[in-house]
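Below: input.txt (compact mmCIF, C-alpha atoms)
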```txt
# COMPACT_ATOMS: atom_id res chain seq x y z
CA MET A 1 17.97 -5.52 -9.79
CA VAL A 2 18.40 -1.84 -10.64
CA ASN A 3 20.81 -0.63 -13.31
CA MET A 4 23.63 1.60 -12.10
CA PHE A 5 27.26 2.59 -12.54
CA VAL A 6 30.04 0.76 -10.70
CA ASP A 7 33.41 2.51 -10.94
CA GLY A 8 32.24 4.29 -14.09
CA GLU A 9 31.00 1.10 -15.76
CA TRP A 10 27.29 0.62 -16.48
CA ARG A 11 25.97 -2.52 -14.81
CA THR A 12 22.57 -4.24 -14.78
CA ASP A 13 23.26 -6.61 -11.87
CA ALA A 14 24.77 -4.46 -9.14
CA TYR A 15 21.99 -3.12 -6.93
CA GLU A 16 19.23 -4.99 -5.13
CA MET A 17 16.15 -2.82 -4.52
CA ASN A 18 15.03 -4.61 -1.36
CA ASP A 19 16.62 -5.39 2.00
CA ASP A 20 16.47 -8.79 3.73
CA ASP A 21 12.92 -8.09 4.94
CA GLY A 22 11.65 -7.27 1.46
CA GLU A 23 11.43 -3.53 2.15
CA PHE A 24 12.32 -1.09 -0.64
CA ASP A 25 15.76 0.35 0.08
CA ARG A 26 16.37 3.66 -1.71
CA GLU A 27 20.04 4.29 -2.42
CA PRO A 28 21.24 7.71 -1.18
CA THR A 29 22.28 10.34 -3.69
CA THR A 30 25.95 11.17 -4.16
CA PHE A 31 26.47 14.75 -5.40
CA ARG A 32 25.62 17.00 -2.46
CA ASP A 33 27.27 20.38 -3.01
CA GLY A 34 25.33 23.59 -2.48
CA LEU A 35 24.96 26.94 -4.17
CA GLY A 36 26.23 30.18 -2.71
CA THR A 37 29.72 28.91 -1.94
CA ASP A 38 33.04 30.05 -3.39
CA GLU A 39 33.04 26.86 -5.45
CA PHE A 40 29.48 27.25 -6.72
CA PRO A 41 28.41 30.90 -6.50
CA ALA A 42 24.80 31.73 -7.28
CA GLU A 43 25.11 33.27 -10.74
CA ALA A 44 22.26 33.64 -13.21
CA GLY A 45 22.90 31.67 -16.40
CA ARG A 46 25.55 29.43 -14.85
CA TYR A 47 23.43 26.42 -13.85
CA HIS A 48 21.38 23.89 -15.76
CA LEU A 49 18.67 21.52 -14.56
CA TYR A 50 18.04 18.04 -15.92
CA ILE A 51 14.58 16.66 -15.12
CA SER A 52 11.96 14.12 -16.05
CA ARG A 53 8.35 15.31 -16.18
CA ALA A 54 7.41 11.84 -14.95
CA CYS A 55 9.48 11.89 -11.76
CA PRO A 56 8.02 13.43 -8.58
CA TRP A 57 11.49 14.20 -7.19
CA ALA A 58 12.42 16.15 -10.31
CA HIS A 59 8.97 17.74 -10.36
CA GLY A 60 9.74 19.53 -7.10
CA ALA A 61 12.78 21.23 -8.60
CA ALA A 62 10.83 22.20 -11.72
CA LEU A 63 8.09 23.69 -9.52
CA VAL A 64 10.56 25.89 -7.64
CA ARG A 65 12.10 27.04 -10.92
CA SER A 66 8.68 27.90 -12.34
CA LEU A 67 7.11 29.57 -9.30
CA MET A 68 10.20 31.67 -8.63
CA GLY A 69 10.43 32.77 -12.26
CA LEU A 70 13.91 31.33 -12.73
CA GLU A 71 13.46 30.12 -16.31
CA ASP A 72 15.87 32.76 -17.64
CA ASP A 73 18.38 32.16 -14.84
CA ILE A 74 18.47 28.36 -14.94
CA SER A 75 18.12 26.48 -18.23
CA MET A 76 16.50 23.03 -18.29
CA ASP A 77 16.40 19.81 -20.33
CA ILE A 78 13.74 17.10 -20.15
CA VAL A 79 14.45 13.39 -20.63
CA ASP A 80 12.20 10.77 -22.22
CA PRO A 81 9.60 9.41 -19.77
CA TYR A 82 10.42 5.87 -20.90
CA ARG A 83 13.56 4.56 -19.21
CA ASP A 84 15.21 1.53 -20.78
CA GLU A 85 18.06 -0.65 -19.48
CA ARG A 86 20.53 2.19 -20.17
CA GLY A 87 18.60 4.67 -18.05
CA TRP A 88 17.12 8.09 -18.76
CA GLN A 89 17.62 9.09 -22.40
CA PHE A 90 17.22 12.21 -24.54
CA THR A 91 14.72 11.90 -27.38
CA PRO A 92 14.04 15.41 -28.70
CA GLU A 93 11.74 14.07 -31.39
CA LYS A 94 9.27 13.00 -28.71
CA ASP A 95 6.60 15.43 -27.53
CA GLY A 96 7.62 17.28 -24.39
CA CYS A 97 11.24 16.06 -24.49
CA THR A 98 14.44 17.92 -25.32
CA PRO A 99 17.97 17.16 -26.46
CA ASP A 100 20.85 17.46 -24.03
CA THR A 101 21.62 21.10 -24.74
CA MET A 102 24.56 21.15 -22.32
CA ASN A 103 26.70 18.22 -23.42
CA GLY A 104 24.99 16.68 -26.43
CA PHE A 105 24.75 13.29 -24.75
CA ASP A 106 22.25 10.59 -25.66
CA TYR A 107 21.80 9.34 -22.09
CA LEU A 108 21.78 11.20 -18.80
CA GLY A 109 24.20 8.65 -17.39
CA GLU A 110 26.91 10.14 -19.58
CA THR A 111 26.56 13.33 -17.54
CA TYR A 112 27.32 11.42 -14.36
CA VAL A 113 30.56 9.90 -15.63
CA GLU A 114 31.52 13.24 -17.18
CA ALA A 115 31.35 14.65 -13.66
CA ASP A 116 33.07 11.62 -12.12
CA PRO A 117 34.69 9.02 -14.41
CA GLU A 118 34.76 6.54 -11.50
CA TYR A 119 31.16 7.19 -10.46
CA THR A 120 29.37 4.44 -8.56
CA GLY A 121 25.62 4.80 -8.09
CA ARG A 122 22.28 5.14 -9.82
CA VAL A 123 21.40 7.73 -12.45
CA THR A 124 18.57 9.83 -11.06
CA VAL A 125 16.79 13.11 -11.68
CA PRO A 126 16.85 15.99 -10.93
CA VAL A 127 20.44 16.91 -11.67
CA LEU A 128 21.82 20.42 -11.16
CA TRP A 129 24.76 20.99 -13.54
CA ASP A 130 27.39 23.73 -13.41
CA ARG A 131 28.21 24.75 -16.98
CA GLU A 132 31.34 26.68 -15.89
CA ARG A 133 33.02 23.87 -13.94
CA GLU A 134 31.38 21.21 -16.15
CA THR A 135 30.25 19.05 -13.27
CA ILE A 136 27.22 18.02 -11.24
CA VAL A 137 26.54 20.26 -8.27
CA ASN A 138 23.76 18.23 -6.68
CA ASN A 139 21.35 15.40 -7.45
CA GLU A 140 19.38 15.36 -4.18
CA SER A 141 15.93 16.71 -4.92
CA ILE A 142 15.04 18.44 -1.66
CA GLU A 143 18.47 20.05 -1.45
CA ILE A 144 18.12 21.42 -4.97
CA MET A 145 14.70 22.80 -4.04
CA ARG A 146 16.13 24.52 -0.96
CA GLU A 147 19.19 25.83 -2.79
CA LEU A 148 17.20 27.35 -5.63
CA SER A 149 14.80 28.88 -3.14
CA THR A 150 17.50 30.61 -1.12
CA ALA A 151 20.29 31.34 -3.61
CA PHE A 152 18.21 33.16 -6.23
CA GLU A 153 15.79 36.05 -5.78
CA GLY A 154 13.79 35.43 -8.95
CA ASN A 155 10.44 37.18 -8.95
CA GLY A 156 10.40 37.67 -5.19
CA VAL A 157 8.39 34.55 -4.35
CA ASP A 158 9.71 33.07 -1.09
CA LEU A 159 8.98 29.37 -0.84
CA TYR A 160 11.35 28.79 2.07
CA PRO A 161 10.89 31.80 4.38
CA ALA A 162 13.56 32.10 7.07
CA ASP A 163 11.05 32.39 9.91
CA ALA A 164 9.39 29.10 8.99
CA ARG A 165 12.27 26.94 7.78
CA GLU A 166 12.42 24.74 10.85
CA GLU A 167 8.71 23.95 10.58
CA ILE A 168 8.94 23.45 6.80
CA ASP A 169 11.81 21.01 7.25
CA GLU A 170 9.89 19.13 9.92
CA VAL A 171 6.91 18.71 7.59
CA VAL A 172 9.15 17.69 4.67
CA ASP A 173 10.73 15.04 6.88
CA ALA A 174 7.34 13.91 8.21
CA ILE A 175 5.82 13.30 4.77
CA TYR A 176 8.92 11.80 3.13
CA ASP A 177 8.98 8.22 4.38
CA PRO A 178 5.26 7.41 4.65
CA ILE A 179 4.03 9.36 1.59
CA ASN A 180 6.69 10.55 -0.89
CA ASN A 181 8.76 7.40 -0.53
CA GLY A 182 5.88 5.40 0.88
CA VAL A 183 4.25 4.85 -2.51
CA TYR A 184 7.54 3.38 -3.72
CA ARG A 185 7.89 1.28 -0.59
CA ALA A 186 4.50 -0.21 -1.44
CA GLY A 187 5.08 -0.55 -5.17
CA PHE A 188 8.55 -2.09 -4.95
CA ALA A 189 8.04 -4.18 -1.80
CA GLY A 190 9.58 -7.62 -1.98
CA THR A 191 7.20 -9.33 0.44
CA GLN A 192 3.50 -9.16 1.31
CA THR A 193 4.39 -8.04 4.83
CA ALA A 194 6.56 -5.17 3.62
CA TYR A 195 3.87 -4.10 1.16
CA GLU A 196 1.10 -4.11 3.76
CA GLN A 197 3.21 -2.17 6.24
CA ALA A 198 4.02 0.49 3.64
CA VAL A 199 0.36 0.84 2.64
CA GLU A 200 -0.78 1.10 6.25
CA GLU A 201 1.77 3.84 7.01
CA LEU A 202 0.91 5.63 3.76
CA PHE A 203 -2.80 5.88 4.44
CA ASP A 204 -2.32 6.69 8.11
CA ALA A 205 -0.23 9.66 6.99
CA LEU A 206 -2.71 10.69 4.30
CA ASP A 207 -5.52 10.59 6.85
CA HIS A 208 -3.46 12.74 9.22
CA TRP A 209 -2.69 15.43 6.66
CA ASP A 210 -6.26 15.40 5.42
CA ASP A 211 -7.28 16.31 8.98
CA VAL A 212 -4.60 19.02 9.18
CA LEU A 213 -5.78 20.60 5.95
CA ALA A 214 -9.35 20.85 7.18
CA ASP A 215 -8.52 24.04 9.05
CA GLN A 216 -5.54 25.50 7.20
CA ARG A 217 -4.87 26.17 3.55
CA TYR A 218 -1.33 24.82 3.40
CA LEU A 219 0.85 22.36 5.30
CA VAL A 220 2.61 25.17 7.20
CA GLY A 221 -0.37 27.42 7.76
CA GLU A 222 -1.27 30.29 5.45
CA ARG A 223 1.76 30.25 3.09
CA LEU A 224 2.60 28.05 0.13
CA THR A 225 6.04 26.54 0.83
CA LEU A 226 8.45 23.85 -0.32
CA ALA A 227 6.55 21.40 1.86
CA ASP A 228 3.43 21.84 -0.27
CA LEU A 229 5.36 21.40 -3.51
CA ARG A 230 6.90 18.23 -2.13
CA LEU A 231 3.53 16.74 -1.19
CA PHE A 232 1.79 17.96 -4.35
CA ALA A 233 4.28 16.15 -6.59
CA THR A 234 3.21 12.86 -5.05
CA LEU A 235 -0.52 13.55 -4.74
CA VAL A 236 -0.97 14.79 -8.33
CA ARG A 237 0.30 11.38 -9.53
CA PHE A 238 -1.57 9.28 -7.00
CA ASP A 239 -4.89 8.41 -8.61
CA ASN A 240 -3.47 7.95 -12.11
CA VAL A 241 -0.45 5.88 -11.10
CA TYR A 242 0.19 4.95 -7.49
CA HIS A 243 -3.36 3.79 -6.69
CA THR A 244 -3.28 1.20 -9.49
CA HIS A 245 0.32 0.58 -10.50
CA PHE A 246 1.76 0.53 -6.97
CA LYS A 247 -1.38 -1.05 -5.43
CA CYS A 248 -1.95 1.90 -3.07
CA ASN A 249 -5.65 1.28 -3.44
CA GLU A 250 -7.29 1.75 -0.06
CA GLN A 251 -8.59 5.10 -1.27
CA LEU A 252 -8.20 7.60 -4.09
CA ILE A 253 -6.91 11.09 -3.33
CA SER A 254 -10.01 12.35 -5.15
CA GLN A 255 -12.09 10.72 -2.39
CA TYR A 256 -10.51 12.77 0.40
CA ASP A 257 -12.49 15.72 1.76
CA ASN A 258 -9.48 18.04 2.06
CA LEU A 259 -6.52 16.53 0.21
CA TRP A 260 -8.37 16.56 -3.12
CA PRO A 261 -9.41 20.25 -2.96
CA TYR A 262 -5.87 21.00 -1.73
CA VAL A 263 -4.34 19.34 -4.79
CA ARG A 264 -6.62 21.38 -7.05
CA ASP A 265 -5.74 24.55 -5.12
CA VAL A 266 -2.00 24.03 -5.61
CA TYR A 267 -2.49 22.96 -9.24
CA GLN A 268 -4.34 26.20 -9.99
CA THR A 269 -1.55 28.32 -8.51
CA PRO A 270 0.04 30.27 -11.39
CA GLY A 271 3.10 28.43 -12.69
CA VAL A 272 2.14 24.97 -11.42
CA ALA A 273 -0.08 23.45 -14.13
CA LYS A 274 2.55 23.84 -16.85
CA THR A 275 4.91 21.61 -14.86
CA VAL A 276 2.43 18.68 -14.85
CA ASN A 277 2.57 16.30 -17.81
CA MET A 278 0.22 13.42 -17.05
CA GLY A 279 1.07 11.74 -20.34
CA HIS A 280 4.73 11.51 -19.35
CA ILE A 281 3.81 10.41 -15.83
CA LYS A 282 1.62 7.51 -16.94
CA GLU A 283 3.93 6.41 -19.76
CA HIS A 284 6.92 6.24 -17.44
CA TYR A 285 5.42 4.16 -14.67
CA TYR A 286 3.33 1.76 -16.71
CA THR A 287 5.93 1.06 -19.42
CA THR A 288 9.20 1.23 -17.49
CA HIS A 289 8.45 -1.02 -14.50
CA THR A 290 7.94 -4.24 -16.44
CA ASP A 291 8.45 -6.35 -13.30
CA ILE A 292 5.27 -4.75 -11.93
CA ASN A 293 3.37 -4.32 -15.22
CA PRO A 294 4.80 -6.86 -17.70
CA THR A 295 2.30 -6.05 -20.46
CA GLY A 296 3.35 -2.41 -20.56
CA PHE A 297 -0.26 -1.38 -21.04
CA VAL A 298 -0.96 2.17 -19.85
CA ALA A 299 -4.09 2.59 -17.73
CA VAL A 300 -6.68 4.76 -19.48
CA GLY A 301 -8.08 6.51 -16.41
CA PRO A 302 -9.11 8.13 -14.26
CA GLU A 303 -10.05 11.48 -15.77
CA LEU A 304 -9.53 14.12 -13.09
CA ASP A 305 -10.56 17.75 -13.27
CA PHE A 306 -7.71 19.63 -11.63
CA GLU A 307 -9.29 22.90 -12.76
CA ALA A 308 -12.53 22.40 -10.82
CA ALA A 309 -13.35 24.91 -8.10
CA HIS A 310 -11.64 24.00 -4.83
CA GLY A 311 -13.24 26.37 -2.32
CA ARG A 312 -10.08 26.65 -0.26
CA ASP A 313 -9.81 30.40 -0.79
CA GLU A 314 -12.25 30.65 2.11
CA LEU A 315 -9.39 29.67 4.43
CA PRO A 316 -6.83 32.25 5.58
CA GLY A 317 -3.81 32.81 3.33
CA GLY A 318 -3.22 32.09 -0.33
CA PRO A 319 -0.64 31.84 -3.10
CA PRO A 320 2.15 34.45 -3.27
CA ALA A 321 0.79 37.74 -4.60
CA GLU A 322 3.84 38.06 -6.90
CA LEU A 323 2.52 35.17 -9.01
CA PHE A 324 -0.64 37.06 -9.88
CA ALA A 325 1.28 40.22 -10.70
CA GLU A 326 3.06 38.24 -13.44
CA ALA A 327 0.00 36.34 -14.69
```

Spit out the file's structure as structure tokens when you get a sec.
Amino acid sequence: MVNMFVDGEWRTDAYEMNDDDGEFDREPTTFRDGLGTDEFPAEAGRYHLYISRACPWAHGAALVRSLMGLEDDISMDIVDPYRDERGWQFTPEKDGCTPDTMNGFDYLGETYVEADPEYTGRVTVPVLWDRERETIVNNESIEIMRELSTAFEGNGVDLYPADAREEIDEVVDAIYDPINNGVYRAGFAGTQTAYEQAVEELFDALDHWDDVLADQRYLVGERLTLADLRLFATLVRFDNVYHTHFKCNEQLISQYDNLWPYVRDVYQTPGVAKTVNMGHIKEHYYTTHTDINPTGFVAVGPELDFEAAHGRDELPGGPPAELFAEA
């Protein structure tokens, strides 16, 4: 069972995670408005982002905000990595966490029912909040990433270039089910068959993209795009969490010839490293999912050197030049 709201009431018995075949069934997000409309114009200082440093979906939004230099345009709060039966909470006394500077709430769920008193659904991150209309604009991670990339100019970094959007979207779609969601399909599988199928599809996809990255620096050629940020958010967590906690243990990312240097390459891009909090990542997964890890013990390893030389600057292309102008 997954905790969620039903008609504005918090319930702990309303949502089954798995379908009849034992496969993990992710509930779709609900708030799906976009920026740049008459209702939600793209105005600096108007919007606020709620994230968890532990969550890969929220990490993508934080990466766009950081790389595009939108920190002054879009404020941000960070929830506690530990999620109890009442959901994501604000614990400003904890390292790396903040209070709810928008509404003063104790739990992120209060933001959802503030936006919709009859809300039915899970409480997820990221959340894009409109401080003027006092409501949630969007809580679908890839849509927030696209909206921030296109609605704001920021420092001039273009992570979603118009001439490559179709290809970027194709790659985002291609990596979503087997990799981004695939680790969850493995970790939360309800049967051995569902688990094994998820793991097989996951590593088939990882092998494929490892081959692709042998000859090109990024997923869509020579430019860093949203597709890379989407994949990076999963891969940077893989060896420390998904390999052990979700039993995705056929191979470590650090054992791949191209994926591992690729992760280090993206990590060393100006503005990326500060968005990674491995302490929050490990605490969240190992202590929150007590059905998977009932002891709550946090794995001590592995120790990975994300700052090690990656050698991928020998391939054509590279990070946006604007990032180095600011560094």

Which residues are close to Ala309 (chain A), i.e. within 10 Å by all atoms listed in the file, leaving aside same-chain residues fewer than 4 positions away? Reply as a ChimeraX atom specification. /A:261,264-265,268,305,313

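Minimum distance to Ala325 (chain A) across A:Pro270, A:Asp211, A:Glu196, A:Tyr242 (counting all atoms listed in the file) occurs at A:Pro270.
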
Neighbours of point (17.5, 12.8, -24.9) within 9 Å, using only C-alpha atoms, written as a list in words: Asp77, Ile78, Val79, Asp80, Trp88, Gln89, Phe90, Thr91, Pro92, Glu93, Cys97, Thr98, Pro99, Asp100, Gly104, Phe105, Asp106, Tyr107 and Leu108 of chain A

What is the CA of Tyr285 (chain A)-CA of Ala198 (chain A) distance in Å, reported with one decimal?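 Distance between the two atoms: 18.7 Å.
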
Long-range neighbours of region 212-217 of chain A as a ChimeraX atom specification, 8 Å cut-off, all atoms listed in the file, 3 positions minimum in chain: /A:208-209,221-223,258-259,262,312-313,315-318

I'd like to know which of A:Thr290, A:Leu159, A:Lys247, A:Arg11 is closest to Tyr195 (chain A), using all atoms listed in the file. A:Lys247

From the list A:Tyr160, A:Tyr112, A:Trp260, A:Phe24, which residue is nearest Ala194 (chain A) when using all atoms listed in the file?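 Closest candidate: A:Phe24.
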
Two-atom distance - CA of Val2 (chain A), CA of Gly87 (chain A) (Å):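 Computing the Euclidean distance for CA of Val2 (chain A) and CA of Gly87 (chain A) yields 9.9 Å.
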
Between A:Ile253, A:Val6, A:Ala162, A:Val276, single out the one closest to Arg122 (chain A), counting all atoms listed in the file.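 With all atoms listed in the file as the atom set, the closest residue is A:Val6.
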
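Minimum distance to Thr37 (chain A) across A:Asp73, A:Glu114, A:Glu147, A:Asp13 (counting all atoms listed in the file) occurs at A:Glu147.
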
If we count only C-alpha atoms and set the cut-off at 12 Å, which residues sit around Arg53 (chain A), ignoring sequence neighbours fewer than 2 positions away in its own chain? Please answer as a ChimeraX atom specification. /A:50-51,55-63,76-82,88,95-98,125-126,233,237,273-285
